[in-house]
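Listing of structure-v3.csv, CSV, C-alpha atoms and all ligand atoms
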chain,number,residue,atom,x,y,z
A,1,MET,CA,-16.2,-276.8,14.6
A,2,ARG,CA,-15.9,-278.9,11.5
A,3,ILE,CA,-18.5,-281.3,12.5
A,4,TYR,CA,-20.8,-278.5,13.4
A,5,ASP,CA,-20.4,-276.9,10.0
A,6,ARG,CA,-21.1,-280.2,8.2
A,7,GLU,CA,-24.2,-280.7,10.2
A,8,HIS,CA,-25.3,-277.2,9.6
A,9,GLY,CA,-24.9,-277.6,5.9
A,10,LYS,CA,-26.9,-280.8,5.9
A,11,ILE,CA,-29.7,-279.1,7.9
A,12,TYR,CA,-29.6,-276.1,5.6
A,13,ARG,CA,-29.9,-278.3,2.5
A,14,GLN,CA,-32.8,-280.3,3.9
A,15,GLU,CA,-34.7,-277.1,4.8
A,16,HIS,CA,-34.1,-275.5,1.4
A,17,LYS,CA,-34.4,-278.6,-0.7
A,18,GLU,CA,-36.4,-277.0,-3.5
A,19,GLU,CA,-34.3,-273.9,-3.6
A,20,GLU,CA,-31.1,-276.0,-3.8
A,21,LYS,CA,-32.7,-278.1,-6.6
A,22,GLU,CA,-33.6,-274.9,-8.5
A,23,ARG,CA,-30.0,-273.6,-8.0
A,24,HIS,CA,-28.4,-276.7,-9.3
A,25,LYS,CA,-30.7,-276.9,-12.3
A,26,LYS,CA,-30.0,-273.3,-13.1
A,27,TYR,CA,-26.3,-273.9,-12.9
A,28,TYR,CA,-26.4,-276.9,-15.3
A,29,ASP,CA,-28.7,-275.1,-17.7
A,30,GLU,CA,-26.3,-272.2,-17.9
A,31,GLN,CA,-23.4,-274.5,-18.4
A,32,LYS,CA,-25.3,-276.3,-21.1
A,33,LYS,CA,-26.1,-273.0,-22.8
A,34,LYS,CA,-22.4,-272.1,-22.7
A,35,ILE,CA,-21.3,-275.4,-24.0
A,36,LEU,CA,-23.8,-275.3,-26.9
A,37,GLU,CA,-22.9,-271.8,-27.7
A,38,ARG,CA,-19.2,-272.7,-27.8
A,39,ALA,CA,-19.9,-275.6,-30.1
A,40,ARG,CA,-22.0,-273.4,-32.4
A,41,GLU,CA,-19.1,-270.9,-32.6
A,42,ARG,CA,-16.7,-273.7,-33.4
A,43,ARG,CA,-18.8,-275.0,-36.2
A,44,LYS,CA,-18.5,-271.7,-37.9
A,45,LEU,CA,-14.7,-272.0,-38.3
A,46,PRO,CA,-13.8,-272.6,-41.9
A,47,GLU,CA,-11.6,-275.7,-41.2
A,48,VAL,CA,-14.3,-277.2,-39.0
A,49,ARG,CA,-17.0,-276.5,-41.5
A,50,GLU,CA,-15.0,-278.1,-44.3
A,51,LYS,CA,-14.3,-281.2,-42.2
A,52,ASN,CA,-18.0,-281.5,-41.3
A,53,THR,CA,-19.1,-281.1,-44.9
A,54,GLU,CA,-16.7,-283.8,-46.0
A,55,ARG,CA,-17.9,-286.1,-43.2
A,56,ALA,CA,-21.5,-285.6,-44.2
A,57,ARG,CA,-20.6,-286.2,-47.9
A,58,ARG,CA,-18.9,-289.5,-47.0
A,59,TYR,CA,-21.9,-290.5,-44.8
A,60,ASN,CA,-24.4,-289.7,-47.5
A,61,GLN,CA,-22.4,-291.8,-50.0
A,62,SER,CA,-22.1,-294.8,-47.8
A,63,HIS,CA,-25.7,-294.7,-46.5
A,64,ARG,CA,-27.4,-293.6,-49.7
A,65,GLU,CA,-30.5,-295.8,-49.4
A,66,LYS,CA,-31.0,-294.7,-45.8
A,67,VAL,CA,-30.5,-291.0,-46.6
A,68,ASN,CA,-32.9,-291.2,-49.5
A,69,ALA,CA,-35.6,-292.9,-47.5
A,70,TYR,CA,-35.2,-290.4,-44.7
A,71,GLN,CA,-35.4,-287.4,-47.1
A,72,ARG,CA,-38.5,-288.8,-48.8
A,73,LYS,CA,-40.1,-289.3,-45.4
A,74,TYR,CA,-39.1,-285.8,-44.2
A,75,GLN,CA,-40.3,-284.2,-47.4
A,76,ASN,CA,-43.7,-285.9,-47.1
A,77,GLU,CA,-44.1,-284.8,-43.5
A,78,HIS,CA,-43.1,-281.2,-44.3
A,79,ARG,CA,-44.7,-281.0,-47.7
A,80,ASN,CA,-46.2,-277.5,-47.3
A,81,TYR,CA,-43.0,-276.0,-45.9
A,82,TYR,CA,-41.0,-277.8,-48.6
A,83,VAL,CA,-43.2,-276.6,-51.4
A,84,LYS,CA,-42.9,-273.0,-50.1
A,85,TRP,CA,-39.2,-273.3,-49.7
A,86,ALA,CA,-38.8,-274.6,-53.2
A,87,ARG,CA,-40.9,-271.8,-54.6
A,88,GLU,CA,-38.9,-269.1,-52.8
A,89,ARG,CA,-35.6,-270.7,-53.7
A,90,LYS,CA,-36.6,-271.0,-57.3
A,91,ARG,CA,-37.6,-267.3,-57.3
A,92,GLU,CA,-34.3,-266.3,-55.9
A,93,LEU,CA,-32.3,-268.4,-58.4
A,94,LYS,CA,-34.4,-267.1,-61.3
A,95,LYS,CA,-33.7,-263.6,-60.3
A,96,TRP,CA,-30.0,-264.4,-60.1
A,97,ALA,CA,-30.1,-266.0,-63.6
A,98,VAL,CA,-32.1,-263.1,-65.1
A,99,ASP,CA,-29.6,-260.6,-63.8
A,100,LYS,CA,-26.6,-262.8,-64.8
A,101,LEU,CA,-28.0,-262.9,-68.4
A,102,GLY,CA,-28.3,-259.1,-68.5
A,103,ARG,CA,-32.0,-258.8,-67.8
A,104,LYS,CA,-32.7,-258.4,-71.5
A,105,CYS,CA,-34.4,-260.7,-74.0
A,106,PHE,CA,-31.8,-262.3,-76.3
A,107,ASP,CA,-34.0,-262.1,-79.4
A,108,CYS,CA,-35.9,-258.8,-79.1
A,109,GLY,CA,-33.9,-256.9,-76.4
A,110,LEU,CA,-36.9,-256.4,-74.1
A,111,GLU,CA,-35.8,-255.2,-70.7
A,112,SER,CA,-38.0,-255.6,-67.6
A,113,LYS,CA,-37.8,-255.5,-63.9
A,114,PHE,CA,-40.2,-258.5,-63.7
A,115,ASP,CA,-38.4,-261.8,-63.6
A,116,PHE,CA,-41.5,-263.8,-64.6
A,117,ILE,CA,-41.7,-262.4,-68.1
A,118,TYR,CA,-38.4,-264.2,-68.9
A,119,ASP,CA,-37.8,-267.8,-69.7
A,120,LEU,CA,-34.5,-269.7,-69.7
A,121,HIS,CA,-34.4,-271.2,-73.2
A,122,HIS,CA,-32.2,-274.2,-73.7
A,123,GLU,CA,-31.0,-274.2,-77.3
A,124,ASN,CA,-30.0,-277.9,-77.1
A,125,GLU,CA,-33.5,-279.2,-76.9
A,126,ALA,CA,-32.5,-282.8,-76.2
A,127,GLU,CA,-31.3,-281.8,-72.7
A,128,SER,CA,-34.1,-279.3,-72.1
A,129,TRP,CA,-36.0,-279.6,-68.9
A,130,SER,CA,-39.2,-278.9,-70.8
A,131,HIS,CA,-39.2,-282.6,-71.7
A,132,PHE,CA,-39.9,-283.6,-68.1
A,133,GLN,CA,-43.6,-284.0,-67.6
A,134,ASN,CA,-43.6,-284.1,-63.8
A,135,VAL,CA,-43.9,-280.6,-62.5
A,136,ASN,CA,-42.1,-281.3,-59.2
A,137,LYS,CA,-39.4,-283.1,-60.9
A,138,THR,CA,-39.0,-280.2,-63.3
A,139,ASP,CA,-38.8,-277.8,-60.3
A,140,MET,CA,-36.1,-279.9,-58.7
A,141,ILE,CA,-34.1,-280.2,-61.8
A,142,ARG,CA,-34.4,-276.5,-62.5
A,143,ILE,CA,-33.3,-275.7,-59.0
A,144,ARG,CA,-30.4,-278.1,-59.1
A,145,LYS,CA,-29.2,-276.8,-62.4
A,146,LEU,CA,-29.6,-273.2,-61.3
A,147,LYS,CA,-27.8,-273.9,-58.1
A,148,GLU,CA,-24.9,-275.5,-60.0
A,149,TRP,CA,-24.6,-272.5,-62.2
A,150,GLN,CA,-24.9,-270.0,-59.4
A,151,LYS,CA,-22.1,-271.8,-57.5
A,152,ALA,CA,-19.9,-271.7,-60.6
A,153,ASP,CA,-21.1,-268.2,-61.3
A,154,LYS,CA,-21.6,-269.2,-64.9
A,155,ILE,CA,-24.5,-270.1,-67.1
A,156,PRO,CA,-23.8,-272.3,-70.1
A,157,ASN,CA,-23.7,-270.6,-73.5
A,158,ASP,CA,-26.6,-272.5,-74.9
A,159,ILE,CA,-29.0,-271.0,-72.3
A,160,LYS,CA,-30.6,-267.9,-73.7
A,161,LEU,CA,-32.8,-265.4,-71.8
A,162,LEU,CA,-36.0,-264.9,-73.8
A,163,CYS,CA,-39.1,-262.9,-73.1
A,164,ALA,CA,-42.3,-265.0,-73.1
A,165,ASN,CA,-43.2,-263.9,-76.6
A,166,CYS,CA,-39.9,-264.7,-78.2
A,167,HIS,CA,-39.8,-268.0,-76.3
A,168,ARG,CA,-43.2,-268.9,-77.8
A,169,ILE,CA,-42.0,-267.8,-81.3
A,170,ARG,CA,-38.9,-270.1,-80.9
A,171,HIS,CA,-41.2,-273.0,-80.1
A,172,TYR,CA,-43.8,-272.3,-82.8
A,173,GLY,CA,-42.1,-274.8,-85.1
A,174,ASP,CA,-42.2,-277.5,-82.4
A,175,LEU,CA,-46.0,-277.4,-82.2
A,176,ASN,CA,-46.6,-277.5,-85.9
A,177,GLU,CA,-44.4,-280.5,-86.6
B,1,ZN,ZN,-38.2,-261.1,-76.7

Take the structure in the file and write it out as structure tokens.
Ligand SMILES: [Zn+2]
Amino acid sequence: MRIYDREHGKIYRQEHKEEEKERHKKYYDEQKKKILERARERRKLPEVREKNTERARRYNQSHREKVNAYQRKYQNEHRNYYVKWARERKRELKKWAVDKLGRKCFDCGLESKFDFIYDLHHENEAESWSHFQNVNKTDMIRIRKLKEWQKADKIPNDIKLLCANCHRIRHYGDLNE
């Protein structure tokens, strides 16, 4: 009986080779999906997240050159996406900063729902980002600074929210010196 069964199975598999292959493939795909799903869920746990962030930080520090080179390469290859992302992120951060500073011009009190009429004026000019000539660099610095402030939920006291007019008036002296 046993021998018969084994033979039977062998014959069945030979006759249904493609189906069997399909069935196995499906099984492994499903398992894979489950495994990946489980791993994804695990990465969301705070303690796992913290550990991974710490590990990434250590790696970035000890492989700085390699990481920088990779980032440069990646950014070049994804330039359009990157520019778009930076623009959106900047907009988001600007909105946060404008809200945080009361959405009101520090000098004239102008209130507006439009973020773009406001500038962030650095009263300590030596550290101002307006001194950076390179536009991309300026963007990056601005984003980095804004990100830092957002994370701390605090904007330094020497940053003033000014409307475009008042900002120009503040800098009037600079141009005539
Ligand atoms: Zn103003």

task = Collect all residues with atoms no farther than 7 Å from ligand ZN 1 (chain B), counting only C-alpha atoms and all ligand atoms, and output them as a list in words.
result =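 So the residues close to ligand ZN 1 (chain B) are Cys105, Phe106, Asp107, Cys108, Gly109, Leu110, Leu162, Cys163, Ala164, Asn165 and Cys166 of chain A.
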
Residues just named, written with C-alpha atoms as a CSV table (one decimal), in the coordinates of the input:
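Saved file result_37.csv follows:
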chain,number,residue,atom,x,y,z
A,105,CYS,CA,-34.4,-260.7,-74.0
A,106,PHE,CA,-31.8,-262.3,-76.3
A,107,ASP,CA,-34.0,-262.1,-79.4
A,108,CYS,CA,-35.9,-258.8,-79.1
A,109,GLY,CA,-33.9,-256.9,-76.4
A,110,LEU,CA,-36.9,-256.4,-74.1
A,162,LEU,CA,-36.0,-264.9,-73.8
A,163,CYS,CA,-39.1,-262.9,-73.1
A,164,ALA,CA,-42.3,-265.0,-73.1
A,165,ASN,CA,-43.2,-263.9,-76.6
A,166,CYS,CA,-39.9,-264.7,-78.2

ask   = Please, what distance in Å, to one decimal, runs between CA of Arg58 in chain A and CA of His78 in chain A?
value =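 The value is 25.7 Å.
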
task = One decimal, Å: what's the distance from CA of Lys94 in chain A over to CA of Asp158 in chain A, could you say?
result =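 CA of Asp158 in chain A lies at a distance of 16.6 Å from CA of Lys94 in chain A.
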
key: Distance query Leu101 in chain A at most 12 Å, only C-alpha atoms, self and fewer than 5 positions along chain excluded, as an MDAnalysis selection string   = chainID A and resid 94:96 106 109 111 115 118:121 149:150 153:162

Counting all atoms listed in the file, write as a PDB file with C-alpha atoms, keeping the file's coordinate frame all protein and nucleic acid residues lying at most 12 Å from (-26.5, -276.4, -58.9) in the file's frame.
ATOM      1  CA  ARG A  89     -35.600-270.700 -53.700  1.00  0.00           C
ATOM      2  CA  LYS A  90     -36.600-271.000 -57.300  1.00  0.00           C
ATOM      3  CA  LEU A  93     -32.300-268.400 -58.400  1.00  0.00           C
ATOM      4  CA  ALA A  97     -30.100-266.000 -63.600  1.00  0.00           C
ATOM      5  CA  MET A 140     -36.100-279.900 -58.700  1.00  0.00           C
ATOM      6  CA  ILE A 141     -34.100-280.200 -61.800  1.00  0.00           C
ATOM      7  CA  ARG A 142     -34.400-276.500 -62.500  1.00  0.00           C
ATOM      8  CA  ILE A 143     -33.300-275.700 -59.000  1.00  0.00           C
ATOM      9  CA  ARG A 144     -30.400-278.100 -59.100  1.00  0.00           C
ATOM     10  CA  LYS A 145     -29.200-276.800 -62.400  1.00  0.00           C
ATOM     11  CA  LEU A 146     -29.600-273.200 -61.300  1.00  0.00           C
ATOM     12  CA  LYS A 147     -27.800-273.900 -58.100  1.00  0.00           C
ATOM     13  CA  GLU A 148     -24.900-275.500 -60.000  1.00  0.00           C
ATOM     14  CA  TRP A 149     -24.600-272.500 -62.200  1.00  0.00           C
ATOM     15  CA  GLN A 150     -24.900-270.000 -59.400  1.00  0.00           C
ATOM     16  CA  LYS A 151     -22.100-271.800 -57.500  1.00  0.00           C
ATOM     17  CA  ALA A 152     -19.900-271.700 -60.600  1.00  0.00           C
ATOM     18  CA  ASP A 153     -21.100-268.200 -61.300  1.00  0.00           C
ATOM     19  CA  LYS A 154     -21.600-269.200 -64.900  1.00  0.00           C
ATOM     20  CA  ILE A 155     -24.500-270.100 -67.100  1.00  0.00           C
TER      21      ILE A 155
END

request  = Have a look at CA of Asn124 in chain A and CA of His167 in chain A and let me know their distance in Å, one decimal.
outcome  =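 CA of His167 in chain A lies at a distance of 14.0 Å from CA of Asn124 in chain A.
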